[in-house]
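The file target-v2.cif comes next; it holds mmCIF, C-alpha atoms.
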data_final
#
loop_
_atom_site.label_atom_id
_atom_site.label_comp_id
_atom_site.auth_asym_id
_atom_site.auth_seq_id
_atom_site.Cartn_x
_atom_site.Cartn_y
_atom_site.Cartn_z
CA MET A 2 7.67 33.98 14.27
CA SER A 3 6.21 31.39 11.89
CA GLY A 4 8.04 28.19 11.14
CA ASN A 5 8.49 26.72 7.69
CA PRO A 6 6.10 23.90 6.94
CA ARG A 7 7.90 20.57 6.77
CA ARG A 8 8.84 19.85 3.19
CA GLU A 9 7.82 16.37 2.16
CA ASN A 10 10.33 13.97 0.71
CA ARG A 11 10.18 13.30 -3.00
CA PHE A 12 11.34 10.01 -4.49
CA ILE A 13 12.63 8.36 -7.62
CA ALA A 14 12.41 4.56 -7.78
CA ASP A 15 14.34 2.07 -9.88
CA ARG A 16 12.60 -0.38 -12.23
CA MET A 17 12.39 -3.08 -9.56
CA LEU A 18 10.07 -0.98 -7.38
CA GLY A 19 6.98 -0.42 -9.53
CA THR A 20 4.49 -1.54 -6.87
CA LEU A 21 6.19 0.58 -4.20
CA THR A 22 6.02 3.54 -6.60
CA ARG A 23 2.23 3.13 -6.93
CA TYR A 24 1.79 2.81 -3.16
CA LEU A 25 3.81 5.96 -2.52
CA ARG A 26 1.68 7.83 -5.06
CA PHE A 27 -1.52 6.56 -3.39
CA MET A 28 -0.02 7.83 -0.13
CA GLY A 29 0.45 11.28 -1.71
CA TYR A 30 4.21 11.23 -2.24
CA ASP A 31 5.72 12.72 -5.39
CA THR A 32 7.40 9.62 -6.81
CA THR A 33 8.89 9.30 -10.27
CA SER A 34 10.04 6.00 -11.68
CA ALA A 35 12.78 4.65 -13.89
CA ASN A 36 9.94 2.98 -15.79
CA SER A 37 9.25 6.39 -17.35
CA LEU A 38 12.69 6.30 -19.01
CA ALA A 39 13.44 4.55 -22.28
CA GLU A 40 14.62 1.00 -21.59
CA GLY A 41 18.04 -0.37 -22.44
CA LYS A 42 20.23 2.65 -21.69
CA PRO A 43 23.54 1.39 -20.32
CA ASN A 44 23.92 4.52 -18.17
CA GLU A 45 20.46 4.37 -16.56
CA ASP A 46 21.91 4.21 -13.04
CA THR A 47 23.86 7.41 -13.65
CA ILE A 48 20.73 9.07 -15.08
CA LEU A 49 18.76 8.11 -11.95
CA LEU A 50 21.48 9.47 -9.67
CA ASP A 51 21.61 12.72 -11.67
CA MET A 52 17.81 13.06 -11.56
CA ALA A 53 17.78 12.45 -7.81
CA GLY A 54 20.34 15.22 -7.30
CA GLN A 55 18.85 17.73 -9.75
CA GLU A 56 15.25 17.21 -8.58
CA CYS A 57 16.04 16.86 -4.84
CA ARG A 58 14.65 13.32 -4.76
CA ILE A 59 15.62 10.31 -2.69
CA LEU A 60 16.57 7.35 -4.87
CA LEU A 61 14.87 4.11 -3.85
CA THR A 62 16.59 1.00 -5.17
CA ARG A 63 16.97 -2.74 -4.69
CA ASP A 64 20.48 -2.51 -6.22
CA ALA A 65 23.16 -2.37 -3.48
CA GLU A 66 25.79 -0.91 -5.80
CA LEU A 67 23.44 1.86 -6.98
CA ALA A 68 22.52 2.66 -3.36
CA ARG A 69 26.23 2.85 -2.48
CA ARG A 70 26.84 5.25 -5.37
CA GLY A 71 23.89 7.39 -4.27
CA LYS A 72 25.29 7.77 -0.74
CA GLU A 73 22.95 9.86 1.46
CA ARG A 74 20.56 10.49 -1.48
CA ALA A 75 19.74 6.78 -1.83
CA VAL A 76 17.95 4.09 0.16
CA LEU A 77 18.60 0.40 -0.36
CA VAL A 78 15.14 -1.18 -0.12
CA ALA A 79 15.61 -4.44 1.75
CA SER A 80 12.50 -6.50 1.03
CA ASP A 81 10.60 -7.84 -1.97
CA ASP A 82 7.30 -7.35 -0.09
CA VAL A 83 5.68 -3.96 -0.76
CA MET A 84 4.26 -3.54 2.75
CA GLU A 85 7.69 -4.27 4.26
CA GLN A 86 9.17 -1.74 1.80
CA VAL A 87 6.68 0.93 2.90
CA GLN A 88 7.34 0.09 6.57
CA GLN A 89 11.08 0.49 6.00
CA LEU A 90 10.48 4.03 4.70
CA ILE A 91 8.20 4.81 7.67
CA ASP A 92 10.78 3.42 10.11
CA ARG A 93 13.45 5.67 8.57
CA GLY A 94 11.18 8.69 9.01
CA LEU A 95 10.96 9.30 5.25
CA ILE A 96 7.18 8.95 4.96
CA GLU A 97 4.08 8.86 7.15
CA ARG A 98 1.44 6.14 7.27
CA ARG A 99 -1.52 7.57 5.35
CA LEU A 100 -3.64 7.27 2.22
CA THR A 101 -4.45 10.49 0.37
CA LEU A 102 -5.30 9.46 -3.20
CA SER A 103 -3.91 12.83 -4.30
CA ARG A 104 -1.62 11.64 -7.13
CA CYS A 105 -2.22 9.56 -10.23
CA SER A 106 -0.92 6.06 -9.60
CA LEU A 107 0.11 5.79 -13.26
CA CYS A 108 1.90 9.07 -14.00
CA ASN A 109 2.37 10.87 -10.63
CA THR A 110 0.36 13.95 -11.68
CA PRO A 111 -1.47 15.66 -8.80
CA LEU A 112 -5.19 14.91 -9.00
CA ARG A 113 -7.90 17.54 -8.96
CA GLU A 114 -11.57 17.27 -8.09
CA ALA A 115 -13.48 15.72 -11.00
CA ASN A 116 -16.41 17.50 -12.58
CA THR A 117 -19.76 15.84 -13.29
CA CYS A 118 -19.00 15.46 -17.01
CA GLU A 119 -15.78 13.55 -16.29
CA ILE A 120 -17.58 11.32 -13.81
CA GLY A 121 -20.50 10.71 -16.17
CA GLU A 122 -18.30 9.93 -19.17
CA ALA A 123 -16.19 7.34 -17.32
CA ASP A 124 -17.96 4.07 -18.08
CA TYR A 125 -16.05 2.42 -15.22
CA ALA A 126 -17.41 4.85 -12.59
CA PRO A 127 -19.97 3.49 -10.15
CA LYS A 128 -23.56 4.13 -11.19
CA ASP A 129 -24.53 5.41 -7.73
CA TRP A 130 -21.98 8.05 -6.81
CA ARG A 131 -23.92 10.29 -4.46
CA ASP A 132 -21.71 9.83 -1.38
CA LEU A 133 -18.36 9.47 -3.15
CA SER A 134 -15.65 12.03 -3.91
CA PHE A 135 -14.06 11.80 -7.35
CA PHE A 136 -10.66 12.98 -8.57
CA TRP A 137 -9.29 13.39 -12.10
CA CYS A 138 -5.86 13.04 -13.66
CA GLU A 139 -5.64 15.58 -16.46
CA ARG A 140 -2.65 13.84 -18.01
CA CYS A 141 -4.03 10.27 -18.12
CA CYS A 142 -7.72 11.27 -18.23
CA LYS A 143 -8.31 8.73 -15.46
CA LEU A 144 -11.00 8.97 -12.80
CA TYR A 145 -10.26 8.02 -9.18
CA TRP A 146 -12.54 7.61 -6.17
CA ASN A 147 -12.25 6.01 -2.78
CA GLY A 148 -14.49 3.03 -3.40
CA SER A 149 -14.01 -0.56 -2.24
CA HIS A 150 -10.46 -0.80 -3.65
CA GLY A 151 -9.38 2.37 -1.86
CA LYS A 152 -11.05 1.27 1.37
CA GLN A 153 -9.27 -2.12 1.17
CA LEU A 154 -5.96 -0.34 0.65
CA GLU A 155 -6.71 2.00 3.55
CA GLU A 156 -7.53 -0.98 5.80
CA ARG A 157 -4.37 -2.80 4.71
CA ILE A 158 -2.23 0.25 5.51
CA ALA A 159 -3.92 0.62 8.93
CA ARG A 160 -3.63 -3.11 9.70
CA GLU A 161 -0.11 -3.88 8.44
CA LEU A 162 1.86 -0.67 8.95
CA LYS A 163 3.02 0.91 12.19
CA ASP A 164 3.63 4.61 12.77
CA ASN A 165 7.18 5.72 13.44
CA LYS A 166 6.47 7.22 16.85
#

Kindly present the structure from the file in structure tokens form.
Amino acid sequence: MSGNPRRENRFIADRMLGTLTRYLRFMGYDTTSANSLAEGKPNEDTILLDMAGQECRILLTRDAELARRGKERAVLVASDDVMEQVQQLIDRGLIERRLTLSRCSLCNTPLREANTCEIGEADYAPKDWRDLSFFWCERCCKLYWNGSHGKQLEERIARELKDNK
């Protein structure tokens, strides 16, 4: 008998959690953001709660009232510090400590392996890319690779975050 693979949590974050949203995407978690909605809607909290329910997402918020309204589908994020925010989610068993670089940090689209034309046409790509792996966001037309920035992020995650075990 084969077991079902563990389904990963998906998230939706309020406007106050933009940096956490990017970190979760770098960590490979499907994370949408209130920042993708038009600003100024008086019913934005209700829209976020509806989206969380319809899309089977966990709402991440710094707003205590919104978290209360979301009940079990919401998490009140306690800290202003992004690493403490990520650790809170690890401690609750909602995410794992990792860095996958599998989603676009800007739009949440899953990345695919980049082809040589995409790498060559990106003027911001390193000139010597022999030992690097490159990934492409088809929506944003953005090139990603695990260069010094990714390695620094990986080291920060390893240094500052603890596994929930």

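Applied to the file shown here, the PyMOL selection byres ((chain A and resi 98) around 10) selects the residues Met28, Val87, Gln88, Leu90, Ile91, Ile96, Glu97, Arg99, Leu100, Glu155, Ile158, Ala159, Leu162, Lys163, Asp164 and Asn165 of chain A.
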
- Message: Could you tell me how far atom CA of Cys108 of chain A sits from atom CA of Val83 of chain A, in Å to one decimal place?
- Response: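 Between atom CA of Val83 of chain A and atom CA of Cys108 of chain A the gap works out to 19.0 Å.
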
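Here the PyMOL selection byres ((chain A and resi 57) around 10) captures the residues Asn10, Arg11, Phe12, Ile13, Asp51, Met52, Ala53, Gly54, Gln55, Glu56, Arg58, Ile59, Leu60 and Arg74 of chain A.
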
So that I can see what lies close to Phe136 of chain A, please list as a short mmCIF file (atom, residue, chain, number, x, y, z; two decimals) with C-alpha atoms, in the frame of the given file the residues with an atom at most 6 Å from it, counting all atoms listed in the file and leaving out residues fewer than 6 positions away in the same chain.
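Done, and the output landed in selection-v8.cif:
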data_model
loop_
_atom_site.label_atom_id
_atom_site.label_comp_id
_atom_site.auth_asym_id
_atom_site.auth_seq_id
_atom_site.Cartn_x
_atom_site.Cartn_y
_atom_site.Cartn_z
CA LEU A 112 -5.19 14.91 -9.00
CA ARG A 113 -7.90 17.54 -8.96
CA GLU A 114 -11.57 17.27 -8.09
CA ALA A 115 -13.48 15.72 -11.00
CA LEU A 144 -11.00 8.97 -12.80
CA TYR A 145 -10.26 8.02 -9.18
#

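If all atoms listed in the file are the atoms counted, then among A:Gly19, A:Gly148, A:Gly41, A:Gly71 the closest residue to Leu133 of chain A is A:Gly148.
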
- Nearest to Asp64 of chain A: which of A:Asp81, A:Glu156, A:Asp15, A:Glu119 is it, counting only C-alpha atoms?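 Looking at the shortest contact to Asp64 of chain A, the residue is A:Asp15.
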
- Could you list as an MDAnalysis selection string every residue that has an atom within 10 Å of (8.5, -4.0, -9.4), using the file's coordinates and counting only C-alpha atoms? chainID A and resid 14:23 36 63 81:83

- Message: Report, in Å with one decimal, the straight-line distance from atom CA of Cys141 of chain A to atom CA of Thr110 of chain A.
- Response: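 Result for atom CA of Cys141 of chain A versus atom CA of Thr110 of chain A: 8.6 Å, one decimal.
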
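Here atom CA of Gly29 of chain A stands at a distance of 9.1 Å from atom CA of Asn109 of chain A.
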
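The residue that comes closest to Gln86 of chain A, out of A:Arg157, A:Arg131, A:Leu25, A:Ala39 and on the basis of all atoms listed in the file, is A:Leu25.
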
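With all atoms listed in the file as the atoms that count, the minimum distance from Ser34 of chain A to the choices A:Leu61, A:Phe135, A:Ser149, A:Gly94 is reached by A:Leu61.
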
- Query: Which residue out of A:Asn116, A:Gln89, A:Ser80, A:Ser37 has the minimum interatomic distance to Trp137 of chain A when only C-alpha atoms are used?
  - Reply: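 Smallest separation from Trp137 of chain A among the options: A:Asn116.
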
- Pick from A:Thr47, A:Asp129, A:Trp146, A:Arg8, whichever lies nearest to Leu102 of chain A using only C-alpha atoms: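 Going through A:Thr47, A:Asp129, A:Trp146, A:Arg8 one by one, the smallest distance to Leu102 of chain A is for A:Trp146.
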
Please, can segment 95-128 of chain A be completed to N, CA and C atoms and returned as a JSON list (two decimals), in the frame of the given file?
[["chain", "number", "residue", "atom", "x", "y", "z"],
["A", 95, "LEU", "N", 11.03, 8.68, 6.58],
["A", 95, "LEU", "CA", 10.96, 9.30, 5.25],
["A", 95, "LEU", "C", 9.53, 9.57, 4.80],
["A", 96, "ILE", "N", 8.59, 8.78, 5.31],
["A", 96, "ILE", "CA", 7.18, 8.95, 4.96],
["A", 96, "ILE", "C", 6.33, 8.73, 6.20],
["A", 97, "GLU", "N", 5.05, 9.10, 6.09],
["A", 97, "GLU", "CA", 4.08, 8.86, 7.15],
["A", 97, "GLU", "C", 3.05, 7.85, 6.66],
["A", 98, "ARG", "N", 2.48, 7.12, 7.60],
["A", 98, "ARG", "CA", 1.44, 6.14, 7.27],
["A", 98, "ARG", "C", 0.16, 6.90, 7.00],
["A", 99, "ARG", "N", -0.30, 6.86, 5.75],
["A", 99, "ARG", "CA", -1.52, 7.57, 5.35],
["A", 99, "ARG", "C", -1.95, 7.11, 3.97],
["A", 100, "LEU", "N", -3.14, 7.50, 3.58],
["A", 100, "LEU", "CA", -3.64, 7.27, 2.22],
["A", 100, "LEU", "C", -4.35, 8.55, 1.81],
["A", 101, "THR", "N", -3.86, 9.21, 0.78],
["A", 101, "THR", "CA", -4.45, 10.49, 0.37],
["A", 101, "THR", "C", -5.15, 10.44, -0.98],
["A", 102, "LEU", "N", -4.76, 9.51, -1.83],
["A", 102, "LEU", "CA", -5.30, 9.46, -3.20],
["A", 102, "LEU", "C", -5.23, 10.83, -3.86],
["A", 103, "SER", "N", -4.07, 11.48, -3.76],
["A", 103, "SER", "CA", -3.91, 12.83, -4.30],
["A", 103, "SER", "C", -3.02, 12.87, -5.54],
["A", 104, "ARG", "N", -2.48, 11.71, -5.94],
["A", 104, "ARG", "CA", -1.62, 11.64, -7.13],
["A", 104, "ARG", "C", -2.07, 10.48, -8.01],
["A", 105, "CYS", "N", -1.91, 10.64, -9.29],
["A", 105, "CYS", "CA", -2.22, 9.56, -10.23],
["A", 105, "CYS", "C", -1.24, 8.41, -9.99],
["A", 106, "SER", "N", -1.78, 7.22, -9.84],
["A", 106, "SER", "CA", -0.92, 6.06, -9.60],
["A", 106, "SER", "C", -0.13, 5.67, -10.85],
["A", 107, "LEU", "N", -0.56, 6.13, -12.01],
["A", 107, "LEU", "CA", 0.11, 5.79, -13.26],
["A", 107, "LEU", "C", 1.21, 6.77, -13.64],
["A", 108, "CYS", "N", 0.94, 8.08, -13.48],
["A", 108, "CYS", "CA", 1.90, 9.07, -14.00],
["A", 108, "CYS", "C", 2.42, 10.06, -12.97],
["A", 109, "ASN", "N", 1.90, 10.02, -11.73],
["A", 109, "ASN", "CA", 2.37, 10.87, -10.63],
["A", 109, "ASN", "C", 1.80, 12.28, -10.66],
["A", 110, "THR", "N", 0.95, 12.61, -11.60],
["A", 110, "THR", "CA", 0.36, 13.95, -11.68],
["A", 110, "THR", "C", -0.56, 14.18, -10.49],
["A", 111, "PRO", "N", -0.51, 15.37, -9.87],
["A", 111, "PRO", "CA", -1.47, 15.66, -8.80],
["A", 111, "PRO", "C", -2.89, 15.61, -9.36],
["A", 112, "LEU", "N", -3.79, 15.02, -8.59],
["A", 112, "LEU", "CA", -5.19, 14.91, -9.00],
["A", 112, "LEU", "C", -5.95, 16.16, -8.58],
["A", 113, "ARG", "N", -7.01, 16.45, -9.32],
["A", 113, "ARG", "CA", -7.90, 17.54, -8.96],
["A", 113, "ARG", "C", -9.30, 16.96, -8.84],
["A", 114, "GLU", "N", -10.19, 17.72, -8.22],
["A", 114, "GLU", "CA", -11.57, 17.27, -8.09],
["A", 114, "GLU", "C", -12.17, 17.10, -9.49],
["A", 115, "ALA", "N", -12.85, 15.99, -9.70],
["A", 115, "ALA", "CA", -13.48, 15.72, -11.00],
["A", 115, "ALA", "C", -14.79, 16.47, -11.13],
["A", 116, "ASN", "N", -15.11, 16.86, -12.35],
["A", 116, "ASN", "CA", -16.41, 17.50, -12.58],
["A", 116, "ASN", "C", -17.43, 16.44, -13.00],
["A", 117, "THR", "N", -18.69, 16.81, -13.02],
["A", 117, "THR", "CA", -19.76, 15.84, -13.29],
["A", 117, "THR", "C", -19.66, 15.24, -14.70],
["A", 118, "CYS", "N", -19.16, 16.01, -15.65],
["A", 118, "CYS", "CA", -19.00, 15.46, -17.01],
["A", 118, "CYS", "C", -17.96, 14.35, -17.02],
["A", 119, "GLU", "N", -16.85, 14.57, -16.35],
["A", 119, "GLU", "CA", -15.78, 13.55, -16.29],
["A", 119, "GLU", "C", -16.28, 12.30, -15.59],
["A", 120, "ILE", "N", -17.04, 12.47, -14.53],
["A", 120, "ILE", "CA", -17.58, 11.32, -13.81],
["A", 120, "ILE", "C", -18.57, 10.57, -14.71],
["A", 121, "GLY", "N", -19.47, 11.32, -15.33],
["A", 121, "GLY", "CA", -20.50, 10.71, -16.17],
["A", 121, "GLY", "C", -19.96, 10.01, -17.40],
["A", 122, "GLU", "N", -18.86, 10.51, -17.96],
["A", 122, "GLU", "CA", -18.30, 9.93, -19.17],
["A", 122, "GLU", "C", -17.40, 8.72, -18.90],
["A", 123, "ALA", "N", -17.03, 8.49, -17.65],
["A", 123, "ALA", "CA", -16.19, 7.34, -17.32],
["A", 123, "ALA", "C", -17.08, 6.12, -17.14],
["A", 124, "ASP", "N", -17.07, 5.23, -18.13],
["A", 124, "ASP", "CA", -17.96, 4.07, -18.08],
["A", 124, "ASP", "C", -17.61, 3.11, -16.95],
["A", 125, "TYR", "N", -16.46, 3.27, -16.33],
["A", 125, "TYR", "CA", -16.05, 2.42, -15.22],
["A", 125, "TYR", "C", -16.42, 3.02, -13.86],
["A", 126, "ALA", "N", -16.99, 4.22, -13.84],
["A", 126, "ALA", "CA", -17.41, 4.85, -12.59],
["A", 126, "ALA", "C", -18.63, 4.14, -12.03],
["A", 127, "PRO", "N", -18.77, 4.11, -10.71],
["A", 127, "PRO", "CA", -19.97, 3.49, -10.15],
["A", 127, "PRO", "C", -21.23, 4.25, -10.58],
["A", 128, "LYS", "N", -22.31, 3.51, -10.74],
["A", 128, "LYS", "CA", -23.56, 4.13, -11.19],
["A", 128, "LYS", "C", -24.16, 5.04, -10.10]]
